[in-house]
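What's in run.txt: compact mmCIF, C-alpha atoms and all ligand atoms
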```
# COMPACT_ATOMS: atom_id res chain seq x y z
CA MET D 1 25.57 -18.74 -6.05
CA ASP D 2 22.54 -18.28 -3.81
CA PHE D 3 19.78 -15.83 -4.70
CA GLY D 4 17.64 -16.69 -1.67
CA ILE D 5 17.01 -14.30 1.22
CA PRO D 6 18.75 -15.66 4.34
CA THR D 7 16.16 -16.76 6.91
CA GLU D 8 17.57 -14.45 9.59
CA TYR D 9 16.75 -11.42 7.44
CA ARG D 10 13.29 -12.44 6.27
CA GLN D 11 11.74 -11.40 9.57
CA ILE D 12 13.15 -7.86 9.65
CA LYS D 13 12.22 -7.35 6.00
CA ALA D 14 8.62 -8.39 6.74
CA LEU D 15 8.56 -6.23 9.87
CA THR D 16 9.77 -3.19 7.90
CA ARG D 17 7.03 -3.74 5.33
CA LYS D 18 4.48 -3.83 8.17
CA PHE D 19 5.94 -0.66 9.74
CA VAL D 20 5.74 1.17 6.40
CA ALA D 21 2.12 0.09 5.88
CA GLU D 22 0.88 0.67 9.42
CA VAL D 23 2.85 3.69 10.63
CA LEU D 24 4.48 5.59 7.75
CA ARG D 25 1.90 5.29 4.96
CA PRO D 26 -0.88 6.95 7.02
CA VAL D 27 1.24 10.10 7.48
CA GLU D 28 2.66 10.36 3.93
CA GLU D 29 -0.07 12.67 2.73
CA GLU D 30 0.23 15.00 5.74
CA VAL D 31 4.01 15.28 5.21
CA GLU D 32 3.53 15.91 1.49
CA GLU D 33 0.93 18.62 2.10
CA THR D 34 2.72 20.43 4.93
CA ALA D 35 6.25 19.78 3.58
CA ASP D 36 7.23 19.18 7.18
CA VAL D 37 7.85 16.53 9.79
CA SER D 38 7.02 18.54 12.89
CA ASP D 39 8.80 17.90 16.19
CA GLU D 40 5.63 16.22 17.50
CA LEU D 41 5.34 13.92 14.49
CA HIS D 42 9.08 13.19 14.65
CA ALA D 43 8.81 12.19 18.32
CA ARG D 44 5.81 9.96 17.57
CA LEU D 45 7.52 8.21 14.65
CA VAL D 46 10.71 7.66 16.65
CA ALA D 47 8.64 6.11 19.46
CA GLU D 48 6.73 3.90 16.99
CA SER D 49 9.94 2.78 15.30
CA LYS D 50 11.36 1.85 18.71
CA ARG D 51 8.14 -0.02 19.56
CA TYR D 52 8.51 -2.07 16.37
CA GLY D 53 12.16 -2.71 17.27
CA LEU D 54 13.37 -1.02 14.08
CA TRP D 55 14.88 2.25 15.29
CA GLY D 56 18.65 2.31 14.68
CA ALA D 57 18.49 -1.07 12.94
CA PHE D 58 21.68 -0.36 10.97
CA ALA D 59 23.77 0.94 13.89
CA PRO D 60 26.23 -1.28 15.75
CA GLU D 61 24.97 -3.24 18.76
CA SER D 62 27.71 -1.56 20.85
CA VAL D 63 25.63 1.65 20.81
CA GLY D 64 22.31 -0.12 21.21
CA GLY D 65 21.56 -0.49 17.51
CA GLY D 66 20.16 -3.48 15.67
CA GLY D 67 23.58 -4.54 14.40
CA LEU D 68 22.72 -4.72 10.68
CA THR D 69 25.94 -2.97 9.78
CA THR D 70 26.63 -4.75 6.48
CA LEU D 71 25.14 -3.82 3.12
CA VAL D 72 23.26 -6.98 2.11
CA PRO D 73 20.83 -6.96 5.08
CA GLN D 74 20.55 -3.17 4.91
CA THR D 75 19.67 -3.45 1.24
CA LEU D 76 16.96 -6.02 1.97
CA VAL D 77 15.38 -3.66 4.51
CA ARG D 78 15.82 -0.52 2.41
CA GLU D 79 13.99 -2.06 -0.50
CA GLU D 80 10.90 -2.00 1.73
CA LEU D 81 11.61 1.57 2.86
CA GLY D 82 11.74 2.72 -0.77
CA ALA D 83 7.96 2.40 -0.86
CA THR D 84 7.46 5.40 1.45
CA SER D 85 8.34 9.12 1.24
CA TYR D 86 12.05 9.92 1.26
CA VAL D 87 11.98 11.72 4.59
CA LEU D 88 10.04 8.96 6.33
CA ARG D 89 12.65 6.33 5.50
CA SER D 90 14.88 7.85 8.17
CA TYR D 91 12.63 6.33 10.84
CA VAL D 92 14.47 3.04 10.29
CA ASP D 93 17.58 4.29 8.55
CA SER D 94 18.64 6.82 11.20
CA GLY D 95 21.40 4.71 12.75
CA SER D 96 23.44 4.73 9.58
CA ALA D 97 23.96 8.48 9.98
CA VAL D 98 26.01 7.86 13.09
CA ARG D 99 29.60 8.31 11.87
CA LEU D 100 31.03 6.70 14.97
CA GLU D 101 34.23 5.54 13.35
CA SER D 102 35.50 9.13 12.97
CA ALA D 103 34.03 10.55 16.20
CA THR D 104 35.90 11.19 19.44
CA GLU D 105 34.37 10.11 22.76
CA TYR D 106 33.27 13.73 23.37
CA GLN D 107 31.64 14.02 19.92
CA ARG D 108 29.96 10.66 20.35
CA GLU D 109 28.35 11.60 23.67
CA LYS D 110 27.52 15.22 22.92
CA PHE D 111 26.32 14.95 19.30
CA PHE D 112 25.99 11.49 17.79
CA MET D 113 24.30 9.59 20.59
CA PRO D 114 21.45 12.13 21.05
CA ALA D 115 20.92 11.93 17.27
CA PHE D 116 21.05 8.18 17.40
CA ARG D 117 18.45 8.14 20.20
CA GLY D 118 16.19 10.31 18.03
CA GLU D 119 16.34 13.28 20.42
CA VAL D 120 17.83 15.63 17.84
CA ARG D 121 18.24 15.74 14.06
CA SER D 122 21.34 16.65 12.02
CA PHE D 123 22.49 17.66 8.51
CA ALA D 124 25.58 17.22 6.32
CA ALA D 125 26.83 20.19 4.29
CA MET D 126 29.19 19.55 1.41
CA THR D 127 27.65 21.17 -1.70
CA GLU D 128 28.25 24.82 -2.60
CA PRO D 129 27.00 27.08 -5.38
CA ASN D 130 30.33 26.62 -7.22
CA ALA D 131 31.18 23.10 -6.02
CA GLY D 132 28.74 20.22 -6.44
CA THR D 133 30.07 17.22 -8.35
CA ASP D 134 33.57 18.68 -8.03
CA ASN D 135 34.10 18.83 -4.27
CA GLY D 136 37.68 19.96 -4.86
CA ALA D 137 36.38 23.34 -6.09
CA MET D 138 35.01 24.01 -2.59
CA GLU D 139 35.34 27.66 -1.53
CA THR D 140 34.34 27.41 2.14
CA THR D 141 37.45 27.67 4.28
CA ALA D 142 38.33 26.88 7.89
CA THR D 143 41.36 28.64 9.33
CA ARG D 144 43.05 27.60 12.54
CA ASP D 145 43.05 30.16 15.35
CA GLY D 146 44.55 28.67 18.52
CA ASP D 147 42.12 26.06 19.84
CA ASN D 148 39.46 27.09 17.35
CA TRP D 149 38.71 27.06 13.63
CA VAL D 150 37.10 30.01 11.85
CA ILE D 151 34.72 29.01 9.04
CA ASN D 152 33.79 31.28 6.13
CA GLY D 153 31.72 30.41 3.08
CA THR D 154 28.32 29.42 1.71
CA LYS D 155 26.70 26.01 1.29
CA HIS D 156 23.50 25.26 -0.59
CA PHE D 157 20.96 22.48 -1.17
CA ILE D 158 21.56 21.27 2.39
CA SER D 159 18.78 18.93 3.53
CA GLY D 160 17.01 18.79 6.85
CA VAL D 161 18.48 21.95 8.37
CA ASP D 162 15.15 23.31 9.62
CA HIS D 163 14.75 20.79 12.45
CA ALA D 164 18.44 19.98 12.98
CA ALA D 165 20.42 20.78 16.12
CA TRP D 166 23.81 20.43 14.43
CA GLY D 167 25.47 19.36 11.21
CA ILE D 168 28.75 18.29 9.67
CA VAL D 169 30.20 21.13 7.59
CA TYR D 170 33.05 20.45 5.18
CA ALA D 171 35.64 23.16 4.58
CA VAL D 172 39.06 23.61 2.99
CA THR D 173 41.73 23.52 5.71
CA ASP D 174 44.70 23.30 3.33
CA PRO D 175 44.18 25.25 0.07
CA GLU D 176 47.30 23.66 -1.46
CA ARG D 177 46.00 20.12 -1.05
CA ARG D 178 42.24 20.61 -1.44
CA LYS D 179 40.73 17.20 -2.35
CA HIS D 180 44.06 15.50 -1.76
CA GLY D 181 43.99 15.86 2.03
CA GLY D 182 43.00 19.53 2.34
CA ILE D 183 39.30 19.21 3.26
CA SER D 184 38.08 18.60 6.82
CA GLY D 185 34.70 18.03 8.48
CA PHE D 186 33.48 20.06 11.48
CA ILE D 187 30.48 19.62 13.71
CA VAL D 188 28.68 22.97 13.80
CA GLU D 189 25.77 23.61 16.16
CA LYS D 190 22.81 25.70 15.08
CA GLY D 191 22.95 28.98 17.00
CA THR D 192 26.75 29.25 16.76
CA PRO D 193 27.53 32.95 16.15
CA GLY D 194 28.44 33.54 12.48
CA PHE D 195 26.32 30.63 11.24
CA THR D 196 22.99 31.64 9.69
CA VAL D 197 20.43 29.57 7.86
CA GLY D 198 19.46 31.34 4.64
CA ARG D 199 16.53 30.86 2.30
CA ARG D 200 14.75 27.59 1.71
CA GLN D 201 15.33 26.24 -1.81
CA VAL D 202 12.03 24.65 -2.75
CA MET D 203 12.59 21.45 -4.74
CA MET D 204 10.41 19.46 -7.11
CA GLY D 205 10.01 16.67 -4.55
CA HIS D 206 11.41 15.38 -1.25
CA ARG D 207 8.80 17.35 0.63
CA GLY D 208 9.41 17.40 4.35
CA PHE D 209 13.17 16.97 3.87
CA ASN D 210 13.80 20.56 2.91
CA GLN D 211 16.89 22.19 1.42
CA TYR D 212 18.53 25.44 2.60
CA VAL D 213 21.36 27.87 1.90
CA LEU D 214 23.81 28.15 4.81
CA HIS D 215 26.09 31.13 5.48
CA PHE D 216 29.27 31.04 7.56
CA ASP D 217 30.72 34.43 8.40
CA ASN D 218 33.70 34.14 10.78
CA CYS D 219 31.93 31.26 12.49
CA VAL D 220 34.17 29.99 15.31
CA VAL D 221 34.07 26.29 16.22
CA PRO D 222 36.34 24.58 18.73
CA HIS D 223 39.04 22.19 17.50
CA ALA D 224 37.26 19.51 19.53
CA ASN D 225 34.50 19.65 16.88
CA MET D 226 36.77 18.56 14.03
CA LEU D 227 35.59 15.16 12.81
CA GLY D 228 38.51 12.75 12.43
CA GLN D 229 42.01 13.90 11.58
CA GLU D 230 42.64 17.18 9.77
CA GLY D 231 42.40 16.68 6.01
CA THR D 232 40.40 13.44 6.15
CA GLY D 233 36.97 15.05 5.65
CA LEU D 234 36.59 14.29 1.98
CA ARG D 235 37.87 10.73 2.43
CA GLN D 236 35.28 10.13 5.19
CA PHE D 237 32.56 11.55 2.96
CA LEU D 238 33.58 9.53 -0.11
CA THR D 239 33.85 6.31 1.91
CA SER D 240 30.27 6.67 3.05
CA ILE D 241 29.00 7.82 -0.33
CA THR D 242 29.78 4.52 -2.09
CA GLY D 243 27.47 2.69 0.31
CA ALA D 244 24.97 5.53 -0.01
CA ARG D 245 24.78 4.89 -3.76
CA VAL D 246 23.71 1.31 -3.13
CA LYS D 247 21.13 2.69 -0.72
CA VAL D 248 19.76 5.13 -3.31
CA ALA D 249 19.63 2.31 -5.88
CA ILE D 250 17.64 -0.13 -3.78
CA GLU D 251 15.26 2.55 -2.50
CA ALA D 252 14.63 3.44 -6.14
CA VAL D 253 13.79 -0.21 -6.80
CA GLY D 254 11.46 -0.25 -3.77
CA SER D 255 9.64 2.89 -4.83
CA ALA D 256 9.25 1.71 -8.43
CA GLN D 257 8.04 -1.71 -7.27
CA TYR D 258 5.35 0.03 -5.22
CA ALA D 259 4.24 2.04 -8.28
CA HIS D 260 4.38 -1.06 -10.48
CA ASP D 261 2.22 -3.08 -8.05
CA LEU D 262 -0.38 -0.30 -8.06
CA ALA D 263 -0.35 -0.37 -11.87
CA VAL D 264 -0.73 -4.15 -12.10
CA ASN D 265 -3.67 -4.11 -9.68
CA TYR D 266 -5.32 -1.20 -11.46
CA VAL D 267 -5.16 -2.61 -14.99
CA LYS D 268 -6.84 -5.80 -13.78
CA VAL D 269 -10.00 -3.90 -12.86
CA ARG D 270 -10.11 -0.81 -15.10
CA GLU D 271 -12.36 -1.39 -18.11
CA VAL D 272 -11.73 0.64 -21.26
CA LEU D 273 -13.39 -0.01 -24.63
CA GLY D 274 -15.08 -3.22 -23.54
CA SER D 275 -12.25 -5.02 -21.74
CA VAL D 276 -9.99 -4.57 -18.75
CA LEU D 277 -6.69 -2.84 -19.54
CA ALA D 278 -4.83 -5.98 -18.50
CA ALA D 279 -6.33 -7.79 -21.50
CA LYS D 280 -4.67 -5.39 -23.97
CA GLN D 281 -1.29 -6.43 -25.27
CA GLY D 282 0.01 -2.85 -25.40
CA ILE D 283 -0.53 -2.57 -21.65
CA GLN D 284 0.76 -6.07 -20.88
CA TRP D 285 4.04 -5.37 -22.68
CA MET D 286 4.54 -2.04 -20.93
CA LEU D 287 4.21 -3.69 -17.55
CA VAL D 288 6.29 -6.72 -18.56
CA ASP D 289 9.10 -4.34 -19.55
CA SER D 290 8.78 -2.74 -16.11
CA MET D 291 8.99 -6.14 -14.43
CA MET D 292 12.11 -7.18 -16.37
CA GLU D 293 13.86 -3.87 -15.83
CA LEU D 294 13.01 -3.80 -12.13
CA GLN D 295 14.43 -7.29 -11.62
CA SER D 296 17.65 -6.30 -13.43
CA ALA D 297 17.97 -3.19 -11.26
CA ARG D 298 17.39 -5.25 -8.13
CA LEU D 299 20.02 -7.85 -9.03
CA ILE D 300 22.69 -5.31 -10.04
CA THR D 301 22.13 -3.58 -6.69
CA TYR D 302 22.28 -6.73 -4.58
CA GLN D 303 25.49 -7.71 -6.35
CA ALA D 304 27.05 -4.34 -5.40
CA ALA D 305 25.97 -4.86 -1.78
CA TRP D 306 27.31 -8.42 -1.79
CA LYS D 307 30.67 -7.29 -3.15
CA ALA D 308 30.91 -4.63 -0.43
CA ASP D 309 30.25 -7.26 2.22
CA GLN D 310 33.06 -9.43 0.80
CA GLY D 311 35.39 -6.52 1.61
CA GLU D 312 36.08 -5.92 -2.08
CA ASP D 313 36.24 -2.64 -3.97
CA PHE D 314 32.63 -2.05 -5.05
CA ARG D 315 32.84 1.50 -6.40
CA VAL D 316 32.09 0.58 -10.01
CA GLU D 317 29.22 -1.74 -9.01
CA ALA D 318 27.76 0.95 -6.72
CA SER D 319 27.88 3.50 -9.54
CA MET D 320 26.28 1.07 -12.01
CA ALA D 321 23.53 0.25 -9.52
CA LYS D 322 22.86 3.92 -8.68
CA ALA D 323 22.60 5.09 -12.28
CA TYR D 324 20.77 2.05 -13.64
CA ALA D 325 18.27 1.65 -10.79
CA THR D 326 17.28 5.32 -10.56
CA GLU D 327 16.77 5.59 -14.33
CA THR D 328 14.85 2.31 -14.38
CA ALA D 329 12.69 3.48 -11.50
CA GLN D 330 11.86 6.71 -13.32
CA ARG D 331 10.67 4.72 -16.39
CA VAL D 332 8.70 2.22 -14.29
CA ILE D 333 6.93 4.94 -12.31
CA ASP D 334 6.24 6.83 -15.53
CA ARG D 335 4.55 3.74 -17.03
CA ALA D 336 2.55 3.25 -13.82
CA ILE D 337 1.28 6.84 -14.18
CA GLN D 338 0.46 6.28 -17.86
CA VAL D 339 -1.70 3.18 -17.35
CA HIS D 340 -3.67 5.01 -14.63
CA GLY D 341 -4.63 7.76 -17.10
CA GLY D 342 -5.72 11.02 -15.45
CA LEU D 343 -5.78 9.30 -12.08
CA GLY D 344 -2.05 8.63 -12.41
CA TYR D 345 -1.39 12.36 -12.76
CA CYS D 346 -3.69 13.21 -9.87
CA GLU D 347 -2.40 13.85 -6.34
CA GLU D 348 -5.04 11.47 -4.94
CA LEU D 349 -2.64 8.62 -5.71
CA PRO D 350 1.01 8.52 -4.53
CA LEU D 351 2.34 8.17 -8.11
CA ALA D 352 2.96 11.89 -8.69
CA ARG D 353 4.97 12.04 -5.46
CA LEU D 354 6.99 8.94 -6.40
CA PHE D 355 7.74 10.50 -9.80
CA ARG D 356 8.88 13.79 -8.23
CA ASP D 357 11.03 12.05 -5.64
CA ILE D 358 12.79 9.67 -8.02
CA ARG D 359 13.79 12.55 -10.29
CA GLY D 360 16.03 13.91 -7.52
CA ALA D 361 17.70 10.53 -7.02
CA ARG D 362 19.25 10.84 -10.49
CA ILE D 363 21.10 13.94 -9.26
CA TYR D 364 22.05 13.59 -5.58
CA GLU D 365 24.70 11.23 -4.17
CA GLY D 366 26.56 11.99 -7.40
CA ALA D 367 24.68 12.78 -10.62
CA ASN D 368 24.23 9.76 -12.89
CA GLU D 369 26.68 11.23 -15.41
CA ALA D 370 29.29 11.34 -12.63
CA GLN D 371 28.57 7.62 -12.06
CA ARG D 372 29.17 6.97 -15.75
CA TYR D 373 32.43 8.91 -15.43
CA ILE D 374 33.52 6.60 -12.57
CA ILE D 375 32.59 3.50 -14.58
CA SER D 376 34.30 4.72 -17.75
CA LYS D 377 37.47 5.57 -15.82
CA ALA D 378 37.61 1.96 -14.60
CA MET D 379 36.81 0.68 -18.08
CA PHE D 380 39.44 2.63 -19.98
CA GLN D 381 42.26 3.19 -17.50
C1 LIG D 401 16.96 16.79 -3.15
C2 LIG D 401 18.42 17.12 -2.97
C3 LIG D 401 18.98 17.03 -1.70
C4 LIG D 401 20.33 17.36 -1.51
N1 LIG D 401 20.84 17.31 -0.23
C5 LIG D 401 22.15 17.65 -0.01
C6 LIG D 401 22.70 17.65 1.31
O1 LIG D 401 22.02 17.33 2.31
N2 LIG D 401 24.01 18.00 1.47
C7 LIG D 401 24.81 18.35 0.42
O2 LIG D 401 25.98 18.65 0.63
N3 LIG D 401 24.31 18.37 -0.86
C8 LIG D 401 23.00 18.04 -1.11
N4 LIG D 401 22.48 18.07 -2.38
C9 LIG D 401 23.32 18.52 -3.49
C10 LIG D 401 23.76 17.40 -4.42
O3 LIG D 401 24.70 16.58 -3.80
C11 LIG D 401 24.28 18.07 -5.70
O4 LIG D 401 23.19 18.70 -6.34
C12 LIG D 401 24.97 17.08 -6.63
O5 LIG D 401 26.17 16.61 -6.08
C13 LIG D 401 25.26 17.70 -8.01
O6 LIG D 401 25.96 18.89 -7.84
P1 LIG D 401 25.45 20.22 -8.60
O7 LIG D 401 24.01 20.39 -8.30
O8 LIG D 401 26.36 21.34 -8.25
O9 LIG D 401 25.60 19.87 -10.13
P2 LIG D 401 26.91 20.09 -11.03
O10 LIG D 401 28.10 19.55 -10.33
O11 LIG D 401 26.95 21.48 -11.52
O12 LIG D 401 26.56 19.13 -12.24
C14 LIG D 401 25.52 19.50 -13.18
C15 LIG D 401 25.29 18.34 -14.11
O13 LIG D 401 26.47 18.10 -14.86
C16 LIG D 401 26.50 16.75 -15.27
N5 LIG D 401 27.80 16.14 -14.92
C17 LIG D 401 28.39 16.08 -13.71
N6 LIG D 401 29.55 15.39 -13.78
C18 LIG D 401 29.69 15.02 -15.08
C19 LIG D 401 30.67 14.29 -15.80
N7 LIG D 401 31.77 13.79 -15.18
N8 LIG D 401 30.47 14.09 -17.13
C20 LIG D 401 29.38 14.58 -17.75
N9 LIG D 401 28.42 15.26 -17.12
C21 LIG D 401 28.58 15.49 -15.81
C22 LIG D 401 25.35 16.05 -14.56
O14 LIG D 401 24.26 15.93 -15.45
C23 LIG D 401 25.00 16.99 -13.43
O15 LIG D 401 23.66 16.85 -13.02
C24 LIG D 401 21.14 17.76 -2.60
C25 LIG D 401 20.57 17.82 -3.88
C26 LIG D 401 19.23 17.53 -4.07
C27 LIG D 401 18.66 17.61 -5.46
```

Would you mind giving the structure from this file in structure tokens?
Ligand SMILES: Cc1cc2nc3c(=O)[nH]c(=O)nc-3n(C[C@H](O)[C@H](O)[C@H](O)COP(=O)(O)OP(=O)(O)OC[C@H]3O[C@@H](n4cnc5c(N)ncnc54)[C@H](O)[C@@H]3O)c2cc1C
Amino acid sequence: MDFGIPTEYRQIKALTRKFVAEVLRPVEEEVEETADVSDELHARLVAESKRYGLWGAFAPESVGGGGLTTLVPQTLVREELGATSYVLRSYVDSGSAVRLESATEYQREKFFMPAFRGEVRSFAAMTEPNAGTDNGAMETTATRDGDNWVINGTKHFISGVDHAAWGIVYAVTDPERRKHGGISGFIVEKGTPGFTVGRRQVMMGHRGFNQYVLHFDNCVVPHANMLGQEGTGLRQFLTSITGARVKVAIEAVGSAQYAHDLAVNYVKVREVLGSVLAAKQGIQWMLVDSMMELQSARLITYQAAWKADQGEDFRVEASMAKAYATETAQRVIDRAIQVHGGLGYCEELPLARLFRDIRGARIYEGANEAQRYIISKAMFQ
């Protein structure tokens, strides 16, 4: 058993930390205040990420990416990315959105490669008002009409639609089979007749990565836009979501570590009632608990990533990591706010933002109760 970081990954981890500190941190406040990453800012951050050699780090070398396609190195890098705003993490993470394995040559050239190059942005629409955790309850349908498919239905909570050029929309193509081979993914371009972007659903956090309602009213898309084989949409989605849970877990660790480091530094200098806070046992024990819990969350997450890279089934480990790390991170950030007193609650520090953002991570990519359901199924079956 080796708990060391392989030498070949130390450099990219350090470079990511530098990129976060030098390029992303200075724009965090602007993004938080405007709740937007404008096209100009997007272009600048893409260019900076390319200059640092980080853009597309997780995409295969065959498309010009950095080749970090396995979970352990991605996890090492993502731990650093966790320390910045959710939306800004995509300026290294973008390559992982390229679902090349399911794409045809046409889809790759027309849609995925421009997204991979940072020229356009995209979204993924699965969730509906009556189908969140239970994807099988999906009501959006796609009906074949010659060389086309006609989509009807409503999606909600869909992130990043405002600046996107296109997105993957999941719909029922076989009502008899539903989640057992009856759901397919389609690439839908913004501006396609019958597709309208509805109201923005303002969330507690995640500012700048905004959520929208989408309406499809006899929206016609060509068969060439179907992603993968008919009926494989949900399988594609679920395959990627297991890895995404490890991603959410380690980013939670990264964000909580950032908050914890701020707390440790602050209590060393803040004097209250004649001594620095760090001299008080009540404070020491709070922060020691944070340190122990953070290390447990980190190790459980790396083990899930390691298991994935061995080619083994890592669904239970990914669920444990996602639920445990996000809940740990919420507690750790909460303690960091507490030891800062009023300053911790004040928007002049990033702690309030970290607290808002981590709250969402307990819900998306499968609510933590759904993770417990997955774990209990494996435990009792
Ligand atoms: C910030 C944010 C961004 C998002 N972005 C996207 C996006 O880009 N694309 C997209 O398609 N979706 C997106 N979503 C939606 C997200 O995936 C769903 O909110 C999530 O899957 C939960 O679905 P739901 O909201 O319908 O909750 P429901 O399915 O109604 O669940 C409600 C609650 O029930 C509990 N629960 C669920 N399952 C179980 C169980 N087995 N046992 C016990 N309790 C259970 C949980 O506490 C859960 O929170 C986003 C959500 C948020 C908050």

Residues within 6 Å of stretch 73-85 of chain D, only C-alpha atoms, excluding chain neighbours under 5 positions, as a PyMOL selection string: chain D and resi 13+17+250-251+254-255+258

Within 10 Å of stretch 225-235 of chain D using only C-alpha atoms, minus same-chain residues under 3 positions, as a PyMOL selection string: chain D and resi 99-104+106-107+111+126+135-136+148-149+168-174+177-189+221-222+238-241

Contacts of D:Tyr91 at 10 Å (all atoms listed in the file; same-chain gap of 2+ positions) as number ranges by chain: D: 19-20, 24, 42, 45-50, 54-57, 81, 87-89, 93-95, 118

Atom CA of D:Glu317 to atom CA of D:Met203, distance in Å rounded to a single decimal: 28.9 Å

Atom-to-atom span, atom CA of D:Arg117 and atom CA of D:His163, Å: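 It comes out at 15.3 Å.
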
Nearest to ligand LIG 401 (chain D), chosen from D:Ala329, D:Val246, D:Val202, D:Met292, with only C-alpha atoms and all ligand atoms counted in the distances: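 Residue with the minimum atom-to-atom distance to ligand LIG 401 (chain D): D:Val202.
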
Residues of chain D that approach ligand LIG 401 (chain D) to 7 Å or less, counting only C-alpha atoms and all ligand atoms: could you list each one with the shortest pair of atoms and its distance in Å to one decimal, rows by chain and increasing residue number, as JSON lines?
```
{"residue": "D:Phe123", "atom": "CA", "partner": "D:LIG401", "partner_atom": "O1", "distance": 6.2}
{"residue": "D:Ala124", "atom": "CA", "partner": "D:LIG401", "partner_atom": "N2", "distance": 5.2}
{"residue": "D:Ala125", "atom": "CA", "partner": "D:LIG401", "partner_atom": "O2", "distance": 4.1}
{"residue": "D:Met126", "atom": "CA", "partner": "D:LIG401", "partner_atom": "O2", "distance": 3.4}
{"residue": "D:Thr127", "atom": "CA", "partner": "D:LIG401", "partner_atom": "O2", "distance": 3.8}
{"residue": "D:Glu128", "atom": "CA", "partner": "D:LIG401", "partner_atom": "O8", "distance": 6.9}
{"residue": "D:Pro129", "atom": "CA", "partner": "D:LIG401", "partner_atom": "O8", "distance": 6.4}
{"residue": "D:Asn130", "atom": "CA", "partner": "D:LIG401", "partner_atom": "O8", "distance": 6.7}
{"residue": "D:Ala131", "atom": "CA", "partner": "D:LIG401", "partner_atom": "O8", "distance": 5.6}
{"residue": "D:Gly132", "atom": "CA", "partner": "D:LIG401", "partner_atom": "O8", "distance": 3.2}
{"residue": "D:Thr133", "atom": "CA", "partner": "D:LIG401", "partner_atom": "O10", "distance": 3.6}
{"residue": "D:Asp134", "atom": "CA", "partner": "D:LIG401", "partner_atom": "O10", "distance": 6.0}
{"residue": "D:His156", "atom": "CA", "partner": "D:LIG401", "partner_atom": "N3", "distance": 6.9}
{"residue": "D:Phe157", "atom": "CA", "partner": "D:LIG401", "partner_atom": "N4", "distance": 4.8}
{"residue": "D:Ile158", "atom": "CA", "partner": "D:LIG401", "partner_atom": "C6", "distance": 3.9}
{"residue": "D:Ser159", "atom": "CA", "partner": "D:LIG401", "partner_atom": "O1", "distance": 3.8}
{"residue": "D:Gly160", "atom": "CA", "partner": "D:LIG401", "partner_atom": "O1", "distance": 6.9}
{"residue": "D:Met203", "atom": "CA", "partner": "D:LIG401", "partner_atom": "C1", "distance": 6.6}
{"residue": "D:His206", "atom": "CA", "partner": "D:LIG401", "partner_atom": "C1", "distance": 6.0}
{"residue": "D:Gln211", "atom": "CA", "partner": "D:LIG401", "partner_atom": "C3", "distance": 6.4}
{"residue": "D:Gly360", "atom": "CA", "partner": "D:LIG401", "partner_atom": "C27", "distance": 5.0}
{"residue": "D:Ile363", "atom": "CA", "partner": "D:LIG401", "partner_atom": "O15", "distance": 5.4}
{"residue": "D:Tyr364", "atom": "CA", "partner": "D:LIG401", "partner_atom": "C10", "distance": 4.3}
{"residue": "D:Glu365", "atom": "CA", "partner": "D:LIG401", "partner_atom": "O3", "distance": 5.4}
{"residue": "D:Gly366", "atom": "CA", "partner": "D:LIG401", "partner_atom": "O5", "distance": 4.8}
{"residue": "D:Ala367", "atom": "CA", "partner": "D:LIG401", "partner_atom": "O15", "distance": 4.8}
{"residue": "D:Asn368", "atom": "CA", "partner": "D:LIG401", "partner_atom": "C22", "distance": 6.6}
{"residue": "D:Glu369", "atom": "CA", "partner": "D:LIG401", "partner_atom": "C21", "distance": 4.7}
{"residue": "D:Ala370", "atom": "CA", "partner": "D:LIG401", "partner_atom": "N6", "distance": 4.2}
{"residue": "D:Tyr373", "atom": "CA", "partner": "D:LIG401", "partner_atom": "N7", "distance": 4.9}
```

Ref. answer, residues at most 6 Å from (23.1, 0.0, 0.1) with all atoms listed in the file, as a ChimeraX atom specification: /D:71,75,243-244,246-247,305

Just save stretch 357-364 of chain D with N, CA and C atoms, as a PDB file, in the first residue's frame.
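Output saved as decode11.pdb:
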```
ATOM      1  N   ASP D 357     -22.107  26.956  -1.396  1.00  0.00           N
ATOM      2  CA  ASP D 357     -21.825  26.027  -2.500  1.00  0.00           C
ATOM      3  C   ASP D 357     -21.837  24.572  -2.040  1.00  0.00           C
ATOM      4  N   ILE D 358     -21.287  24.308  -0.868  1.00  0.00           N
ATOM      5  CA  ILE D 358     -21.210  22.902  -0.426  1.00  0.00           C
ATOM      6  C   ILE D 358     -22.599  22.351  -0.118  1.00  0.00           C
ATOM      7  N   ARG D 359     -23.513  23.220   0.245  1.00  0.00           N
ATOM      8  CA  ARG D 359     -24.872  22.733   0.552  1.00  0.00           C
ATOM      9  C   ARG D 359     -25.501  22.058  -0.670  1.00  0.00           C
ATOM     10  N   GLY D 360     -25.236  22.617  -1.852  1.00  0.00           N
ATOM     11  CA  GLY D 360     -25.779  22.033  -3.084  1.00  0.00           C
ATOM     12  C   GLY D 360     -25.177  20.665  -3.378  1.00  0.00           C
ATOM     13  N   ALA D 361     -23.912  20.500  -3.017  1.00  0.00           N
ATOM     14  CA  ALA D 361     -23.211  19.240  -3.330  1.00  0.00           C
ATOM     15  C   ALA D 361     -23.808  18.046  -2.586  1.00  0.00           C
ATOM     16  N   ARG D 362     -24.591  18.308  -1.537  1.00  0.00           N
ATOM     17  CA  ARG D 362     -25.263  17.201  -0.844  1.00  0.00           C
ATOM     18  C   ARG D 362     -26.517  16.762  -1.585  1.00  0.00           C
ATOM     19  N   ILE D 363     -26.883  17.525  -2.636  1.00  0.00           N
ATOM     20  CA  ILE D 363     -28.116  17.221  -3.378  1.00  0.00           C
ATOM     21  C   ILE D 363     -27.835  16.760  -4.817  1.00  0.00           C
ATOM     22  N   TYR D 364     -26.946  17.511  -5.534  1.00  0.00           N
ATOM     23  CA  TYR D 364     -26.769  17.118  -6.947  1.00  0.00           C
ATOM     24  C   TYR D 364     -25.821  15.925  -7.076  1.00  0.00           C
TER      25      TYR D 364
END
```
